[in-house]
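> This is query-v4.cif (mmCIF, C-alpha atoms).
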```
data_run
loop_
_atom_site.group_PDB
_atom_site.id
_atom_site.type_symbol
_atom_site.label_atom_id
_atom_site.label_comp_id
_atom_site.auth_asym_id
_atom_site.auth_seq_id
_atom_site.Cartn_x
_atom_site.Cartn_y
_atom_site.Cartn_z
ATOM 1 C CA MET A 1 31.027 -193.917 -163.057
ATOM 2 C CA GLY A 2 28.695 -191.593 -164.969
ATOM 3 C CA LEU A 3 27.980 -189.573 -161.814
ATOM 4 C CA ALA A 4 31.702 -189.235 -161.061
ATOM 5 C CA ALA A 5 32.380 -188.031 -164.619
ATOM 6 C CA LEU A 6 29.552 -185.505 -164.367
ATOM 7 C CA LEU A 7 30.896 -184.276 -161.003
ATOM 8 C CA LEU A 8 34.388 -183.953 -162.484
ATOM 9 C CA LEU A 9 33.024 -181.895 -165.412
ATOM 10 C CA ALA A 10 31.088 -179.616 -163.021
ATOM 11 C CA VAL A 11 34.208 -178.985 -160.903
ATOM 12 C CA GLY A 12 36.259 -178.270 -164.026
ATOM 13 C CA TYR A 13 33.639 -175.808 -165.270
ATOM 14 C CA ALA A 14 33.554 -174.049 -161.866
ATOM 15 C CA VAL A 15 37.349 -173.707 -161.805
ATOM 16 C CA GLN A 16 37.409 -172.348 -165.362
ATOM 17 C CA HIS A 17 34.611 -169.876 -164.589
ATOM 18 C CA PHE A 18 36.402 -168.699 -161.441
ATOM 19 C CA TRP A 19 39.712 -168.282 -163.303
ATOM 20 C CA LEU A 20 38.213 -166.284 -166.195
ATOM 21 C CA SER A 21 36.184 -163.963 -163.959
ATOM 22 C CA ARG A 22 39.042 -162.871 -161.682
ATOM 23 C CA PRO A 23 39.781 -159.117 -161.606
ATOM 24 C CA GLU A 24 42.573 -157.816 -163.807
ATOM 25 C CA PRO A 25 44.428 -154.487 -163.663
ATOM 26 C CA VAL A 26 43.182 -151.718 -165.964
ATOM 27 C CA ALA A 27 45.419 -149.098 -167.602
ATOM 28 C CA VAL A 28 44.805 -145.568 -166.304
ATOM 29 C CA PRO A 29 45.897 -142.497 -168.303
ATOM 30 C CA THR A 30 48.280 -140.128 -166.569
ATOM 31 C CA VAL A 31 48.993 -136.622 -167.789
ATOM 32 C CA SER A 32 52.218 -134.649 -167.610
ATOM 33 C CA GLY A 33 52.849 -131.208 -169.138
ATOM 34 C CA THR A 34 51.826 -130.970 -172.791
ATOM 35 C CA SER A 35 52.184 -134.668 -173.457
ATOM 36 C CA ALA A 36 50.370 -137.638 -172.072
ATOM 37 C CA THR A 37 51.577 -141.101 -171.166
ATOM 38 C CA VAL A 38 49.218 -144.007 -170.848
ATOM 39 C CA THR A 39 50.264 -146.661 -168.359
ATOM 40 C CA GLY A 40 50.014 -150.320 -169.233
ATOM 41 C CA GLY A 41 51.565 -151.846 -172.353
ATOM 42 C CA SER A 42 54.193 -149.557 -173.831
ATOM 43 C CA PRO A 43 52.420 -146.474 -175.158
ATOM 44 C CA THR A 44 54.222 -143.166 -174.789
ATOM 45 C CA SER A 45 53.811 -139.660 -176.076
ATOM 46 C CA THR A 46 56.214 -137.474 -177.958
ATOM 47 C CA GLY A 47 54.114 -134.333 -177.715
ATOM 48 C CA THR A 48 52.624 -134.991 -181.155
ATOM 49 C CA GLY A 49 50.132 -137.531 -179.868
ATOM 50 C CA THR A 50 50.036 -140.759 -177.951
ATOM 51 C CA THR A 51 51.040 -144.011 -179.629
ATOM 52 C CA ALA A 52 49.317 -147.298 -179.042
ATOM 53 C CA PRO A 53 51.151 -150.506 -178.046
ATOM 54 C CA HIS A 54 51.359 -151.704 -181.677
ATOM 55 C CA GLY A 55 52.678 -148.405 -183.100
ATOM 56 C CA ALA A 56 49.305 -147.114 -184.331
ATOM 57 C CA PRO A 57 48.287 -143.662 -183.050
ATOM 58 C CA ALA A 58 45.989 -143.858 -180.043
ATOM 59 C CA PRO A 59 42.889 -141.666 -180.074
ATOM 60 C CA THR A 60 43.469 -138.267 -178.538
ATOM 61 C CA VAL A 61 41.584 -135.056 -177.845
ATOM 62 C CA VAL A 62 43.001 -131.555 -178.123
ATOM 63 C CA VAL A 63 41.624 -128.995 -175.678
ATOM 64 C CA ASP A 64 42.380 -125.351 -174.967
ATOM 65 C CA VAL A 65 42.938 -124.723 -171.255
ATOM 66 C CA ALA A 66 42.571 -120.976 -170.675
ATOM 67 C CA GLY A 67 42.144 -118.571 -167.793
ATOM 68 C CA LYS A 68 43.804 -118.746 -164.410
ATOM 69 C CA VAL A 69 46.173 -121.705 -164.854
ATOM 70 C CA GLU A 70 49.954 -121.985 -164.638
ATOM 71 C CA HIS A 71 50.481 -122.844 -168.319
ATOM 72 C CA PRO A 72 47.465 -121.961 -170.504
ATOM 73 C CA GLY A 73 47.289 -123.280 -174.047
ATOM 74 C CA LEU A 74 46.523 -126.348 -176.115
ATOM 75 C CA ARG A 75 46.861 -129.757 -174.516
ATOM 76 C CA THR A 76 46.744 -133.149 -176.253
ATOM 77 C CA LEU A 77 45.301 -135.828 -173.975
ATOM 78 C CA PRO A 78 44.155 -139.426 -174.396
ATOM 79 C CA THR A 79 40.524 -139.900 -175.390
ATOM 80 C CA GLY A 80 38.471 -140.409 -172.238
ATOM 81 C CA SER A 81 40.454 -137.848 -170.236
ATOM 82 C CA ARG A 82 38.524 -135.621 -167.875
ATOM 83 C CA VAL A 83 38.529 -131.903 -167.081
ATOM 84 C CA ALA A 84 40.714 -132.642 -164.026
ATOM 85 C CA ASP A 85 43.337 -134.219 -166.331
ATOM 86 C CA ALA A 86 43.391 -131.121 -168.552
ATOM 87 C CA LEU A 87 43.745 -128.887 -165.509
ATOM 88 C CA ARG A 88 46.725 -130.953 -164.280
ATOM 89 C CA ALA A 89 48.267 -130.855 -167.778
ATOM 90 C CA ALA A 90 48.124 -127.041 -167.643
ATOM 91 C CA GLY A 91 50.004 -126.984 -164.339
ATOM 92 C CA GLY A 92 46.920 -126.567 -162.176
ATOM 93 C CA ALA A 93 44.876 -123.527 -161.215
ATOM 94 C CA LEU A 94 46.647 -120.426 -159.910
ATOM 95 C CA ALA A 95 46.601 -119.964 -156.131
ATOM 96 C CA GLY A 96 43.251 -118.682 -154.904
ATOM 97 C CA THR A 97 41.377 -119.609 -158.099
ATOM 98 C CA GLU A 98 37.989 -121.224 -157.571
ATOM 99 C CA THR A 99 37.239 -124.264 -159.724
ATOM 100 C CA ASP A 100 33.729 -124.858 -158.348
ATOM 101 C CA SER A 101 32.154 -123.837 -161.673
ATOM 102 C CA LEU A 102 34.001 -126.668 -163.449
ATOM 103 C CA ASN A 103 32.790 -130.249 -163.484
ATOM 104 C CA LEU A 104 36.199 -131.871 -162.959
ATOM 105 C CA ALA A 105 34.798 -135.357 -163.645
ATOM 106 C CA ARG A 106 33.352 -134.487 -167.085
ATOM 107 C CA VAL A 107 34.873 -136.358 -170.038
ATOM 108 C CA LEU A 108 36.556 -134.012 -172.528
ATOM 109 C CA SER A 109 35.521 -133.641 -176.142
ATOM 110 C CA ASP A 110 37.924 -132.723 -178.924
ATOM 111 C CA GLY A 111 38.243 -129.017 -179.682
ATOM 112 C CA GLU A 112 36.655 -127.654 -176.533
ATOM 113 C CA GLN A 113 37.906 -124.846 -174.332
ATOM 114 C CA ILE A 114 38.113 -125.099 -170.565
ATOM 115 C CA LEU A 115 38.005 -121.661 -168.977
ATOM 116 C CA VAL A 116 39.394 -121.757 -165.436
ATOM 117 C CA GLY A 117 38.462 -119.088 -162.919
ATOM 118 C CA ALA A 118 35.470 -117.566 -164.732
ATOM 119 C CA PRO A 119 32.215 -117.329 -162.764
ATOM 120 C CA ALA A 120 29.642 -119.877 -163.915
ATOM 121 C CA GLY A 121 27.936 -118.649 -167.071
ATOM 122 C CA GLN A 122 30.011 -115.428 -167.236
ATOM 123 C CA GLY A 123 33.119 -114.605 -169.182
ATOM 124 C CA ALA A 124 33.002 -117.901 -171.018
ATOM 125 C CA PRO A 125 33.337 -117.670 -174.802
ATOM 126 C CA GLY A 126 30.226 -119.789 -175.362
ATOM 127 C CA VAL A 127 27.942 -117.531 -173.297
ATOM 128 C CA THR A 128 27.091 -113.924 -174.175
ATOM 129 C CA ALA A 129 26.943 -111.081 -171.683
ATOM 130 C CA GLY A 130 23.157 -111.420 -171.838
ATOM 131 C CA GLY A 131 23.396 -115.068 -170.788
ATOM 132 C CA LEU A 132 22.568 -116.544 -174.212
ATOM 133 C CA VAL A 133 24.381 -119.763 -175.132
ATOM 134 C CA SER A 134 26.230 -119.647 -178.457
ATOM 135 C CA LEU A 135 25.589 -122.684 -180.633
ATOM 136 C CA ASN A 136 28.898 -122.098 -182.436
ATOM 137 C CA ARG A 137 31.151 -121.470 -179.416
ATOM 138 C CA ALA A 138 29.577 -123.243 -176.433
ATOM 139 C CA THR A 139 31.266 -126.206 -174.775
ATOM 140 C CA ALA A 140 29.402 -129.371 -173.845
ATOM 141 C CA GLU A 141 29.263 -128.135 -170.260
ATOM 142 C CA GLN A 142 27.652 -124.850 -171.332
ATOM 143 C CA LEU A 143 25.133 -126.617 -173.581
ATOM 144 C CA ASP A 144 24.320 -128.945 -170.690
ATOM 145 C CA THR A 145 23.030 -125.919 -168.706
ATOM 146 C CA LEU A 146 20.110 -125.546 -171.132
ATOM 147 C CA PRO A 147 16.782 -126.968 -169.909
ATOM 148 C CA GLY A 148 16.264 -130.525 -171.122
ATOM 149 C CA VAL A 149 19.774 -130.794 -172.626
ATOM 150 C CA GLY A 150 21.877 -133.349 -170.806
ATOM 151 C CA PRO A 151 25.449 -134.501 -171.450
ATOM 152 C CA THR A 152 24.434 -136.889 -174.255
ATOM 153 C CA LEU A 153 22.447 -134.305 -176.190
ATOM 154 C CA ALA A 154 25.164 -131.693 -175.626
ATOM 155 C CA GLN A 155 27.688 -134.099 -177.220
ATOM 156 C CA ARG A 156 25.325 -134.622 -180.187
ATOM 157 C CA ILE A 157 25.151 -130.854 -180.726
ATOM 158 C CA LEU A 158 28.971 -130.629 -180.648
ATOM 159 C CA GLN A 159 29.258 -133.596 -183.028
ATOM 160 C CA TYR A 160 26.771 -131.993 -185.430
ATOM 161 C CA ARG A 161 28.782 -128.750 -185.294
ATOM 162 C CA MET A 162 32.058 -130.602 -185.989
ATOM 163 C CA THR A 163 30.524 -132.579 -188.864
ATOM 164 C CA HIS A 164 28.498 -129.824 -190.556
ATOM 165 C CA GLY A 165 30.445 -126.707 -189.577
ATOM 166 C CA PRO A 166 29.094 -123.685 -187.719
ATOM 167 C CA PHE A 167 25.353 -123.276 -187.305
ATOM 168 C CA ARG A 168 23.984 -120.770 -189.832
ATOM 169 C CA SER A 169 20.746 -120.237 -187.872
ATOM 170 C CA VAL A 170 19.315 -121.261 -184.520
ATOM 171 C CA ASP A 171 16.582 -123.163 -186.412
ATOM 172 C CA GLN A 172 19.269 -125.502 -187.787
ATOM 173 C CA LEU A 173 19.461 -127.023 -184.276
ATOM 174 C CA ARG A 174 16.292 -128.982 -185.187
ATOM 175 C CA GLN A 175 18.470 -131.165 -187.441
ATOM 176 C CA VAL A 176 20.354 -132.545 -184.419
ATOM 177 C CA PRO A 177 19.028 -136.002 -183.442
ATOM 178 C CA GLY A 178 17.124 -135.749 -180.159
ATOM 179 C CA ILE A 179 15.979 -132.127 -180.606
ATOM 180 C CA GLY A 180 12.244 -132.342 -181.123
ATOM 181 C CA GLN A 181 9.961 -129.379 -181.774
ATOM 182 C CA ARG A 182 8.928 -129.112 -178.118
ATOM 183 C CA LYS A 183 12.503 -129.135 -176.797
ATOM 184 C CA PHE A 184 13.529 -126.651 -179.489
ATOM 185 C CA ASP A 185 10.674 -124.317 -178.504
ATOM 186 C CA ASP A 186 11.790 -124.529 -174.848
ATOM 187 C CA ILE A 187 15.396 -123.513 -175.529
ATOM 188 C CA LYS A 188 15.416 -121.380 -178.694
ATOM 189 C CA GLY A 189 15.017 -118.160 -176.685
ATOM 190 C CA LEU A 190 18.202 -119.027 -174.757
ATOM 191 C CA LEU A 191 20.349 -119.502 -177.878
ATOM 192 C CA THR A 192 22.369 -117.360 -180.243
ATOM 193 C CA LEU A 193 24.922 -118.049 -182.965
#
```
Starting from the file, lay out its structure as structure tokens.


Amino acid sequence: MGLAALLLLAVGYAVQHFWLSRPEPVAVPTVSGTSATVTGGSPTSTGTGTTAPHGAPAPTVVVDVAGKVEHPGLRTLPTGSRVADALRAAGGALAGTETDSLNLARVLSDGEQILVGAPAGQGAPGVTAGGLVSLNRATAEQLDTLPGVGPTLAQRILQYRMTHGPFRSVDQLRQVPGIGQRKFDDIKGLLTL
């Protein structure tokens, strides 16, 4: 009897484990024009931001899509959207425009500018004609081009800039978590305000 009860408990546990670990559909954000609609639940956008299923505002990012696109300007997208989503929201690149310099899979950060059709490292507001990266105007993608600065550290620099305002000197970069003296010495000659 005890063995049968133990076997019955083991089968019940296996069925429960199987049922709870089955795959479930995941909501995927879709973008249309200047507003965004998130599928799944009932969130919709009115152009002033996306609303969550319970009426609370869902997190959004506002980006400036500029350059060779059908409809340049500000776009409000759900948090977690990618450069490709912003490009679609702006109507796509104009015919014949190269987008190879853009990382279309990169996750957007609030307040950044996506410049479509500019050669890599040229013509972008965060990079000077001399190739120096501006701490106060560079996007995460432009900061990521610096030696030893990856996507995570680039986001920390942007977060520091949003929290503390514009950098007043290049030396202030040392206050960003993850920028040690050695890394700072490696990149300070590539930076400007």

> Take the PyMOL selection byres ((chain A and resi 64) around 9), apply it to the structure above, and return the hits as a list of chain:residue names.

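Selected by the PyMOL selection byres ((chain A and resi 64) around 9) in this file: A:Val62, A:Val63, A:Val65, A:Ala66, A:Pro72, A:Gly73, A:Leu74, A:Arg75, A:Ala86, A:Gly111, A:Glu112, A:Gln113, A:Ile114, A:Leu115.
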
> Using all atoms listed in the file, can you tell me which of A:Arg156, A:Arg88, A:His17, A:His164 comes closest to Val69 in chain A?

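Answer, going by the shortest atom-to-atom distance: A:Arg88.
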
> Mind pulling up the distance from CA of Gln142 in chain A to CA of Gly80 in chain A?

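Between CA of Gly80 in chain A and CA of Gln142 in chain A the gap is 19.0 Å.
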
> Would you kindly translate the PyMOL selection byres ((chain A and resi 171-184) around 9) into the concrete residues it picks from this file, as a count of residues only?

16

> Between CA of Gly150 in chain A and CA of Thr76 in chain A, measure the distance and give it in Å to one decimal.

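CA of Thr76 in chain A lies at a distance of 25.5 Å from CA of Gly150 in chain A.
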
> Could you please determine the separation between CA of Arg106 in chain A and CA of Thr79 in chain A in Å, to one decimal place?

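Separating CA of Arg106 in chain A from CA of Thr79 in chain A is a distance of 12.2 Å.
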
> With all atoms listed in the file as the atoms that count, which of A:Leu77, A:Leu8, A:Ala89, A:Ala140 lies nearest to Leu102 in chain A?

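Ranked by minimum distance to Leu102 in chain A, first place goes to A:Ala140.
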
> Give the padded box for range 15-20 of chain A as AutoDock Vina command-line options: axis-aligned, covering all atoms listed in the file, 3 Å on each side, centre and edge lengths in Å to one decimal.


```
--center_x 37.2 --center_y -170.0 --center_z -163.8 --size_x 11.1 --size_y 13.4 --size_z 10.8
```
